[in-house]
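Peer 1: Below: one structure in structure tokens.
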Amino acid sequence: MSRRIHPARSPRPAVLTTALLALALTTALAGAPAHAATDATPEVTWGVRTATGEHGDGRENYAYEAAPGDTIADAIIIANHDTAPLELDIYGADGFTSSSGQLDVAPRAVTPREIGAWLVPATDRVTVAPGEAVEVPFTITVAANATPGDHAGGILTALTRPPLEDGVTVDRRLGIRIHLRVTGAIAPALAVDDLRVDYAGTPAPFGAGQATVTYTVRNSGNVRLSASQGVTLAGPFGLFAIGAPGLTPVPELLPGETWPVEVEVGGVVPAFVLNAVAALDAVPTADAPVPQRVEARASTAAVPWSFLAVLLVLAGAVALWVATRRRRRAARQAREDARVRDAVAQALRDRGPESAMVRDHTPGDSVGSGNE
């Protein structure tokens, strides 16, 4: 079911944002006029915007707060800016953070489990006449067992064309994102998982090397969060500390989502042990408490092998010099001892045979004959 609006209103720039229409997996959220053209497909133009109602006017997207089991009623307006009738599919999809850090929605082939499953449009297909707009109501019925916290998704309009000659099916999508907070205990939290630091040395004996720090940021709470981050490297007792420059913030993550981080840091002094600290300072959405700073630590060996090699060569040279000096000193001593022995022997020989006679003389004894 849809309500036709005559004539089509031009989308207001203050409300709508430009959206790209491209091939199969390209999706635009927080919609606006959509323009698409390739060498093989004609240009098709349409736009979407939020309807005016009890939830507000001039909204850029849909934002709700509801309890498990509640039903929300709203509508989307679809305008055809082309010169031919336009047939569009309408459906809901779950949201996720893409590798570019932007909110995206799952392809149509992915079975939704949250907002995409909770959203039911009044009709799943609509025809919009040229220059006109239609309003399509939809409802979102929050599951009775929905977890408290933030959920994201979108309501999509899709134009599917037959496969091209090369077999590619063009599925253009344009939609508006949906943020839904399910009431209950709010617990924002972030975690740093699998922190690892690796060190690559340098051939220069007195040079600094490079460290690679990797870890995964995980939204371990139940509200969407972004965060600033910092990485510090230092040797034992905090010596030679250095920070990683120019780290980009972690994009907004939905509950349970992860974000991989890899940081290259140069100028790291090899102090035998290298300690890494990764820290996160969360930036929560509105109406949520700020979680505490999160830190994780890891260590690795940072051995200055080139310096040790030079040190080993120097130590070997010193040991060889000391050993050589000892051998020379021992040889000189041996020659001196031999000279002394030779001199004593020569002196004894020069005194003659009597010099070899040695008699023990005791006081009171006499030599020769005497009267008894």
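Identifiers in this document derive from the order of the structure tokens: chains are assigned A, B, ..., residues are numbered from 1 separately in each chain, and ligands are numbered from 1 in order of occurrence.
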Name the residues in contact with Gly149 (chain A) at a cut-off of 10 Å, using only C-alpha atoms, excluding same-chain residues fewer than 5 positions from it; report them as a VMD selection string.

Peer 2: chain A and resid 65 180 to 188 221 to 224 254 to 255 288

Peer 1: So what do you get for CA of His81 (chain A) versus CA of Arg125 (chain A), distance-wise?

Peer 2: 17.8 Å

Peer 1: Write out as a list in words each polymer residue whose atoms come within 9 Å of Ser299 (chain A), counting only C-alpha atoms; drop sequence neighbours fewer than 5 positions from it.

Peer 2: Arg196, Val197, Asp198, Val273, Leu274, Asn275, Ala276 and Val277 of chain A

Peer 1: Hey, which of A:Pro137, A:Pro251, A:Gly256, A:Gly154 ends up closest to Ser100 (chain A)? Count only C-alpha atoms.

Peer 2: A:Pro251

Peer 1: Identify, on the basis of only C-alpha atoms, every residue whose closest approach to Val105 (chain A) does not exceed 7 Å; exclude the query and any residue fewer than 4 positions from it along the same chain; express the result as a list in words.

Peer 2: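 Near neighbours after the sequence-gap exclusion: Ala93, Asp94, Gly95, Phe96, Gly153 and Gly154 of chain A.
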
Peer 1: Which parts of region 169-307 of chain A does DSSP call strand (DSSP E or B) when run on the backbone here, written out as a short mmCIF file (atom, residue, chain, number, x, y, z; two decimals) with C-alpha atoms, in the first residue's frame?

Peer 2:
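Generated output (states-v3.cif):
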data_model
loop_
_atom_site.label_atom_id
_atom_site.label_comp_id
_atom_site.auth_asym_id
_atom_site.auth_seq_id
_atom_site.Cartn_x
_atom_site.Cartn_y
_atom_site.Cartn_z
CA ASP A 171 21.01 -3.83 -8.67
CA ARG A 172 20.83 -0.16 -7.75
CA ARG A 173 19.82 0.62 -4.19
CA LEU A 174 18.95 3.80 -2.40
CA GLY A 175 17.79 4.02 1.18
CA ILE A 176 17.74 5.74 4.53
CA ARG A 177 19.52 4.46 7.60
CA ILE A 178 17.69 3.50 10.77
CA HIS A 179 19.08 3.72 14.33
CA LEU A 180 17.05 2.01 17.03
CA ARG A 181 17.89 1.89 20.72
CA VAL A 182 16.14 -0.87 22.62
CA LEU A 190 35.46 -1.28 24.30
CA ALA A 191 38.16 -3.93 24.33
CA VAL A 192 41.58 -4.39 22.72
CA ASP A 193 42.09 -7.97 21.53
CA ASP A 194 45.13 -9.82 20.19
CA LEU A 195 47.67 -7.04 20.75
CA ARG A 196 50.98 -7.97 19.13
CA VAL A 197 54.23 -6.10 18.58
CA ASP A 198 57.00 -7.15 16.18
CA TYR A 199 60.41 -5.53 15.84
CA ALA A 200 62.61 -5.30 12.76
CA GLY A 209 64.64 -0.04 13.94
CA GLN A 210 60.95 -0.28 13.13
CA ALA A 211 58.11 -1.84 15.09
CA THR A 212 54.75 -3.10 13.83
CA VAL A 213 51.86 -3.09 16.30
CA THR A 214 48.63 -4.93 15.46
CA TYR A 215 45.46 -5.36 17.45
CA THR A 216 41.68 -5.55 17.12
CA VAL A 217 39.27 -3.04 18.63
CA ARG A 218 36.03 -4.68 19.73
CA ASN A 219 32.80 -3.02 20.79
CA LEU A 225 30.92 3.75 19.93
CA SER A 226 33.83 5.41 18.20
CA ALA A 227 37.19 6.05 19.85
CA SER A 228 40.46 7.90 19.63
CA GLN A 229 43.49 5.66 19.95
CA GLY A 230 47.15 5.86 20.83
CA VAL A 231 50.15 3.52 20.71
CA THR A 232 53.33 3.96 22.78
CA LEU A 233 56.54 1.93 22.55
CA ALA A 234 59.32 1.89 25.15
CA ILE A 242 58.14 6.84 21.44
CA GLY A 243 54.53 7.34 20.34
CA VAL A 250 38.33 4.14 15.29
CA PRO A 251 35.06 4.61 13.35
CA GLU A 252 31.71 4.14 14.99
CA LEU A 253 31.21 0.45 15.69
CA THR A 258 35.47 -5.30 15.47
CA TRP A 259 38.00 -3.05 13.75
CA PRO A 260 41.53 -4.21 12.83
CA VAL A 261 44.42 -1.83 13.47
CA GLU A 262 48.00 -2.01 12.19
CA VAL A 263 50.54 0.65 13.16
CA GLU A 264 54.08 1.12 11.83
CA VAL A 265 56.44 3.03 14.13
CA GLY A 266 59.98 3.99 13.11
CA GLY A 267 62.89 5.21 15.20
CA VAL A 268 62.52 2.48 17.82
CA PHE A 272 66.57 -5.86 24.28
CA VAL A 273 62.91 -5.72 25.42
CA LEU A 274 60.26 -3.64 23.64
CA ASN A 275 56.98 -2.89 25.42
CA ALA A 276 53.87 -1.72 23.54
CA VAL A 277 50.79 -0.04 25.03
CA ALA A 278 47.59 0.49 23.02
CA ALA A 279 45.02 2.85 24.55
CA LEU A 280 41.43 3.70 23.56
CA ASP A 281 39.34 6.67 24.65
CA ALA A 282 35.73 6.05 23.65
CA VAL A 283 33.47 8.69 22.13
CA PRO A 284 29.94 7.49 22.88
CA VAL A 294 41.04 0.96 27.86
CA GLU A 295 44.68 -0.14 27.71
CA ALA A 296 46.40 -3.33 26.59
CA ARG A 297 50.08 -4.27 26.78
CA ALA A 298 52.41 -6.61 24.92
CA SER A 299 56.17 -7.16 24.71
CA THR A 300 58.71 -8.58 22.32
CA ALA A 301 62.46 -8.96 22.02
CA ALA A 302 64.31 -6.05 20.44
#

Peer 1: Region 107-333 of chain A: which residues are helix (DSSP H, G or I) by DSSP, as an NGL selection string?

Peer 2: :A and (115-118 or 236-238 or 305-333)

Peer 1: Which residue gives the smallest distance to Gly131 (chain A) among A:Asp337, A:Asp82, A:Asp74, A:Asp342, with only C-alpha atoms counted?

Peer 2: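 Of the candidates, the smallest distance to Gly131 (chain A) is held by A:Asp82.
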
Peer 1: In Å, with one decimal, what is the gap from CA of Trp46 (chain A) to CA of Gln102 (chain A)?

Peer 2: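 CA of Gln102 (chain A) lies 22.6 Å from CA of Trp46 (chain A).
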
Peer 1: Which residue out of A:Gly235, A:Gly246, A:Gly69, A:Gly53 has the minimum interatomic distance to Thr141 (chain A) when only C-alpha atoms are used?

Peer 2: A:Gly69

Peer 1: Could you check which of A:Ala347, A:Ala338, A:Ala79, A:Val269 is closest to Ala204 (chain A), using only C-alpha atoms?

Peer 2: A:Val269
